[in-house]
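K.L.:
Supplied structure: coords25.txt, compact mmCIF, N, CA and C atoms.
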# COMPACT_ATOMS: atom_id res chain seq x y z
N MET W 475 -17.72 -58.72 13.38
CA MET W 475 -17.88 -57.30 13.63
C MET W 475 -19.04 -57.11 14.60
N ASP W 476 -18.80 -56.24 15.55
CA ASP W 476 -19.78 -56.01 16.60
C ASP W 476 -20.66 -54.80 16.24
N ILE W 477 -21.96 -54.98 16.28
CA ILE W 477 -22.88 -53.90 15.94
C ILE W 477 -22.75 -52.72 16.92
N GLY W 478 -22.41 -53.02 18.15
CA GLY W 478 -22.21 -51.95 19.13
C GLY W 478 -21.06 -51.04 18.74
N ASP W 479 -19.99 -51.62 18.18
CA ASP W 479 -18.86 -50.81 17.72
C ASP W 479 -19.29 -49.89 16.58
N LEU W 480 -20.09 -50.41 15.67
CA LEU W 480 -20.59 -49.60 14.56
C LEU W 480 -21.49 -48.47 15.06
N ARG W 481 -22.35 -48.78 15.99
CA ARG W 481 -23.23 -47.75 16.56
C ARG W 481 -22.43 -46.67 17.26
N THR W 482 -21.39 -47.09 17.97
CA THR W 482 -20.53 -46.13 18.66
C THR W 482 -19.86 -45.20 17.65
N PHE W 483 -19.38 -45.77 16.54
CA PHE W 483 -18.76 -44.94 15.49
C PHE W 483 -19.75 -43.90 14.97
N VAL W 484 -20.97 -44.31 14.70
CA VAL W 484 -21.98 -43.38 14.19
C VAL W 484 -22.28 -42.30 15.22
N GLU W 485 -22.37 -42.67 16.49
CA GLU W 485 -22.65 -41.70 17.54
C GLU W 485 -21.53 -40.67 17.65
N VAL W 486 -20.28 -41.13 17.57
CA VAL W 486 -19.14 -40.22 17.65
C VAL W 486 -19.14 -39.28 16.44
N ALA W 487 -19.37 -39.82 15.26
CA ALA W 487 -19.41 -38.99 14.05
C ALA W 487 -20.53 -37.96 14.14
N ASP W 488 -21.70 -38.36 14.60
CA ASP W 488 -22.83 -37.44 14.73
C ASP W 488 -22.58 -36.38 15.79
N ALA W 489 -22.00 -36.80 16.91
CA ALA W 489 -21.77 -35.89 18.03
C ALA W 489 -20.56 -34.99 17.81
N GLY W 490 -19.64 -35.41 16.95
CA GLY W 490 -18.45 -34.62 16.69
C GLY W 490 -17.34 -34.81 17.70
N GLY W 491 -17.50 -35.80 18.57
CA GLY W 491 -16.44 -36.04 19.54
C GLY W 491 -16.74 -37.21 20.44
N ILE W 492 -15.69 -37.76 21.00
CA ILE W 492 -15.81 -38.90 21.91
C ILE W 492 -16.51 -38.50 23.20
N THR W 493 -16.15 -37.33 23.73
CA THR W 493 -16.76 -36.88 24.98
C THR W 493 -18.26 -36.69 24.82
N SER W 494 -18.66 -36.07 23.74
CA SER W 494 -20.09 -35.85 23.49
C SER W 494 -20.84 -37.16 23.32
N ALA W 495 -20.21 -38.11 22.64
CA ALA W 495 -20.85 -39.41 22.44
C ALA W 495 -20.94 -40.20 23.74
N ALA W 496 -20.05 -39.89 24.68
CA ALA W 496 -20.04 -40.61 25.95
C ALA W 496 -20.97 -40.00 27.00
N LEU W 497 -21.78 -39.04 26.62
CA LEU W 497 -22.69 -38.42 27.59
C LEU W 497 -23.90 -39.28 27.90
N ARG W 498 -24.10 -40.33 27.12
CA ARG W 498 -25.22 -41.23 27.40
C ARG W 498 -24.97 -41.94 28.74
N PRO W 499 -26.01 -42.21 29.48
CA PRO W 499 -25.84 -42.94 30.74
C PRO W 499 -25.21 -44.31 30.51
N GLY W 500 -24.25 -44.66 31.34
CA GLY W 500 -23.63 -45.98 31.28
C GLY W 500 -22.53 -46.11 30.25
N VAL W 501 -22.16 -45.01 29.61
CA VAL W 501 -21.11 -45.05 28.59
C VAL W 501 -19.98 -44.13 29.02
N SER W 502 -18.76 -44.66 29.04
CA SER W 502 -17.61 -43.86 29.42
C SER W 502 -16.78 -43.51 28.20
N LYS W 503 -15.94 -42.48 28.34
CA LYS W 503 -15.06 -42.10 27.24
C LYS W 503 -14.11 -43.24 26.89
N SER W 504 -13.64 -43.95 27.90
CA SER W 504 -12.72 -45.05 27.62
C SER W 504 -13.41 -46.17 26.86
N MET W 505 -14.68 -46.43 27.14
CA MET W 505 -15.43 -47.45 26.41
C MET W 505 -15.59 -47.05 24.95
N VAL W 506 -15.93 -45.79 24.72
CA VAL W 506 -16.09 -45.30 23.35
C VAL W 506 -14.76 -45.42 22.61
N SER W 507 -13.68 -45.01 23.23
CA SER W 507 -12.36 -45.09 22.60
C SER W 507 -11.98 -46.52 22.27
N ARG W 508 -12.20 -47.43 23.20
CA ARG W 508 -11.87 -48.85 22.97
C ARG W 508 -12.66 -49.41 21.79
N ARG W 509 -13.93 -49.08 21.73
CA ARG W 509 -14.75 -49.58 20.62
C ARG W 509 -14.28 -49.04 19.28
N LEU W 510 -13.90 -47.76 19.24
CA LEU W 510 -13.41 -47.17 18.00
C LEU W 510 -12.10 -47.81 17.56
N VAL W 511 -11.19 -47.99 18.51
CA VAL W 511 -9.90 -48.61 18.19
C VAL W 511 -10.11 -50.03 17.68
N ARG W 512 -10.99 -50.76 18.32
CA ARG W 512 -11.26 -52.14 17.90
C ARG W 512 -11.85 -52.19 16.50
N LEU W 513 -12.79 -51.29 16.20
CA LEU W 513 -13.40 -51.24 14.87
C LEU W 513 -12.36 -50.87 13.81
N GLU W 514 -11.55 -49.86 14.10
CA GLU W 514 -10.52 -49.46 13.15
C GLU W 514 -9.52 -50.59 12.91
N ALA W 515 -9.15 -51.30 13.96
CA ALA W 515 -8.21 -52.43 13.81
C ALA W 515 -8.83 -53.54 12.96
N GLU W 516 -10.09 -53.81 13.19
CA GLU W 516 -10.76 -54.86 12.44
C GLU W 516 -10.88 -54.51 10.96
N LEU W 517 -11.15 -53.24 10.67
CA LEU W 517 -11.31 -52.81 9.29
C LEU W 517 -9.97 -52.49 8.62
N GLY W 518 -8.96 -52.23 9.43
CA GLY W 518 -7.64 -51.91 8.89
C GLY W 518 -7.51 -50.51 8.35
N VAL W 519 -8.35 -49.60 8.82
CA VAL W 519 -8.31 -48.20 8.39
C VAL W 519 -8.56 -47.28 9.57
N GLN W 520 -8.06 -46.05 9.46
CA GLN W 520 -8.36 -45.05 10.47
C GLN W 520 -9.64 -44.35 10.05
N LEU W 521 -10.69 -44.55 10.81
CA LEU W 521 -12.00 -43.99 10.48
C LEU W 521 -12.14 -42.54 10.89
N LEU W 522 -11.45 -42.17 11.96
CA LEU W 522 -11.59 -40.83 12.52
C LEU W 522 -10.24 -40.17 12.68
N ALA W 523 -10.18 -38.87 12.38
CA ALA W 523 -8.99 -38.07 12.65
C ALA W 523 -9.25 -37.38 13.99
N ARG W 524 -8.48 -37.75 14.98
CA ARG W 524 -8.70 -37.24 16.34
C ARG W 524 -7.78 -36.05 16.60
N SER W 525 -8.30 -35.07 17.34
CA SER W 525 -7.49 -33.98 17.86
C SER W 525 -7.97 -33.72 19.28
N THR W 526 -7.36 -32.75 19.93
CA THR W 526 -7.72 -32.50 21.32
C THR W 526 -9.13 -31.94 21.49
N ASP W 527 -9.66 -31.28 20.45
CA ASP W 527 -10.95 -30.64 20.63
C ASP W 527 -12.07 -31.19 19.76
N LEU W 528 -11.74 -32.05 18.76
CA LEU W 528 -12.81 -32.58 17.92
C LEU W 528 -12.38 -33.86 17.24
N VAL W 529 -13.35 -34.49 16.64
CA VAL W 529 -13.12 -35.70 15.87
C VAL W 529 -13.71 -35.47 14.49
N ARG W 530 -12.94 -35.77 13.45
CA ARG W 530 -13.44 -35.65 12.08
C ARG W 530 -13.41 -37.02 11.44
N LEU W 531 -14.29 -37.24 10.49
CA LEU W 531 -14.23 -38.47 9.72
C LEU W 531 -12.90 -38.47 8.99
N GLY W 532 -12.33 -39.65 8.81
CA GLY W 532 -10.98 -39.78 8.28
C GLY W 532 -10.74 -39.12 6.94
N ASN W 533 -11.73 -38.98 6.09
CA ASN W 533 -11.51 -38.39 4.78
C ASN W 533 -12.02 -36.96 4.67
N GLU W 534 -12.45 -36.36 5.76
CA GLU W 534 -12.91 -34.97 5.72
C GLU W 534 -11.73 -34.03 5.67
N PRO W 535 -11.83 -32.94 4.92
CA PRO W 535 -10.74 -31.96 4.91
C PRO W 535 -10.65 -31.24 6.26
N SER W 536 -9.47 -30.82 6.59
CA SER W 536 -9.25 -30.09 7.84
C SER W 536 -9.90 -28.72 7.76
N PRO W 537 -10.63 -28.30 8.82
CA PRO W 537 -11.24 -26.97 8.79
C PRO W 537 -10.17 -25.90 8.90
N ASP W 538 -10.28 -24.85 8.11
CA ASP W 538 -9.28 -23.76 8.15
C ASP W 538 -9.85 -22.53 8.78
Would you mind writing the structure in this file as structure tokens?
P.N.:
Amino acid sequence: MDIGDLRTFVEVADAGGITSAALRPGVSKSMVSRRLVRLEAELGVQLLARSTDLVRLGNEPSPD
């Protein structure tokens, strides 16, 4: 398991989205997405529920 993938997951969860997490210099949205997919594949679970406007942790209820 790569510590960078874990850090990326925490950044996305804190920021509430891939785009927001990718605002750091030298980090692209595609890099963030690849790291998340790799981490989820390694763990065998979907960590984040993605939509067009936000990212939620996989077990969070949908906002109404």
K.L.:
Can you tell me, as lines of an AutoDock Vina configuration file, the centre and edge lengths (Å, one decimal) of the axis-aligned box enclosing all of segment 483-486 of chain W's listed atoms after padding each side by 8 Å?
P.N.:
center_x = -20.7
center_y = -42.5
center_z = 15.9
size_x = 19.9
size_y = 22.5
size_z = 19.5
K.L.:
Nearest to Glu516 of chain W among W:Met475, W:Val529, W:Ala487, W:Ala495, with distances taken over only N, CA and C atoms: which residue is it?
P.N.:
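For Glu516 of chain W, the nearest of the given residues is W:Met475.
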K.L.:
From a DSSP pass on the backbone, collect the residues of segment 477-535 of chain W flagged as strand (DSSP E) and hand them back as a count of residues only.
P.N.:
6
K.L.:
Pick from W:Leu522, W:Thr493, W:Leu513, W:Gly500: nearest to Leu480 of chain W, with only N, CA and C atoms counted?
P.N.:
W:Leu513
K.L.:
Grab the atom C of Ser507 of chain W to atom C of Ile492 of chain W distance for me, in Å with one decimal place.
P.N.:
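These atoms are spaced 9.3 Å apart.
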K.L.:
Could you tell me how far atom CA of Arg509 of chain W lies from atom CA of Asp479 of chain W, in Å and to one decimal?
P.N.:
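Rounded to one decimal, the two atoms are 5.2 Å apart.
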K.L.:
Report the residues of segment 495-526 of chain W whose backbone DSSP state falls under alpha helix (DSSP H), written as a VMD selection string.
P.N.:
chain W and resid 495 503 to 517
K.L.:
Tell me, in Å to one decimal, how far atom C of Val519 of chain W is from atom N of Ser502 of chain W.
P.N.:
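One can read the atom C of Val519 of chain W to atom N of Ser502 of chain W distance as 22.1 Å.
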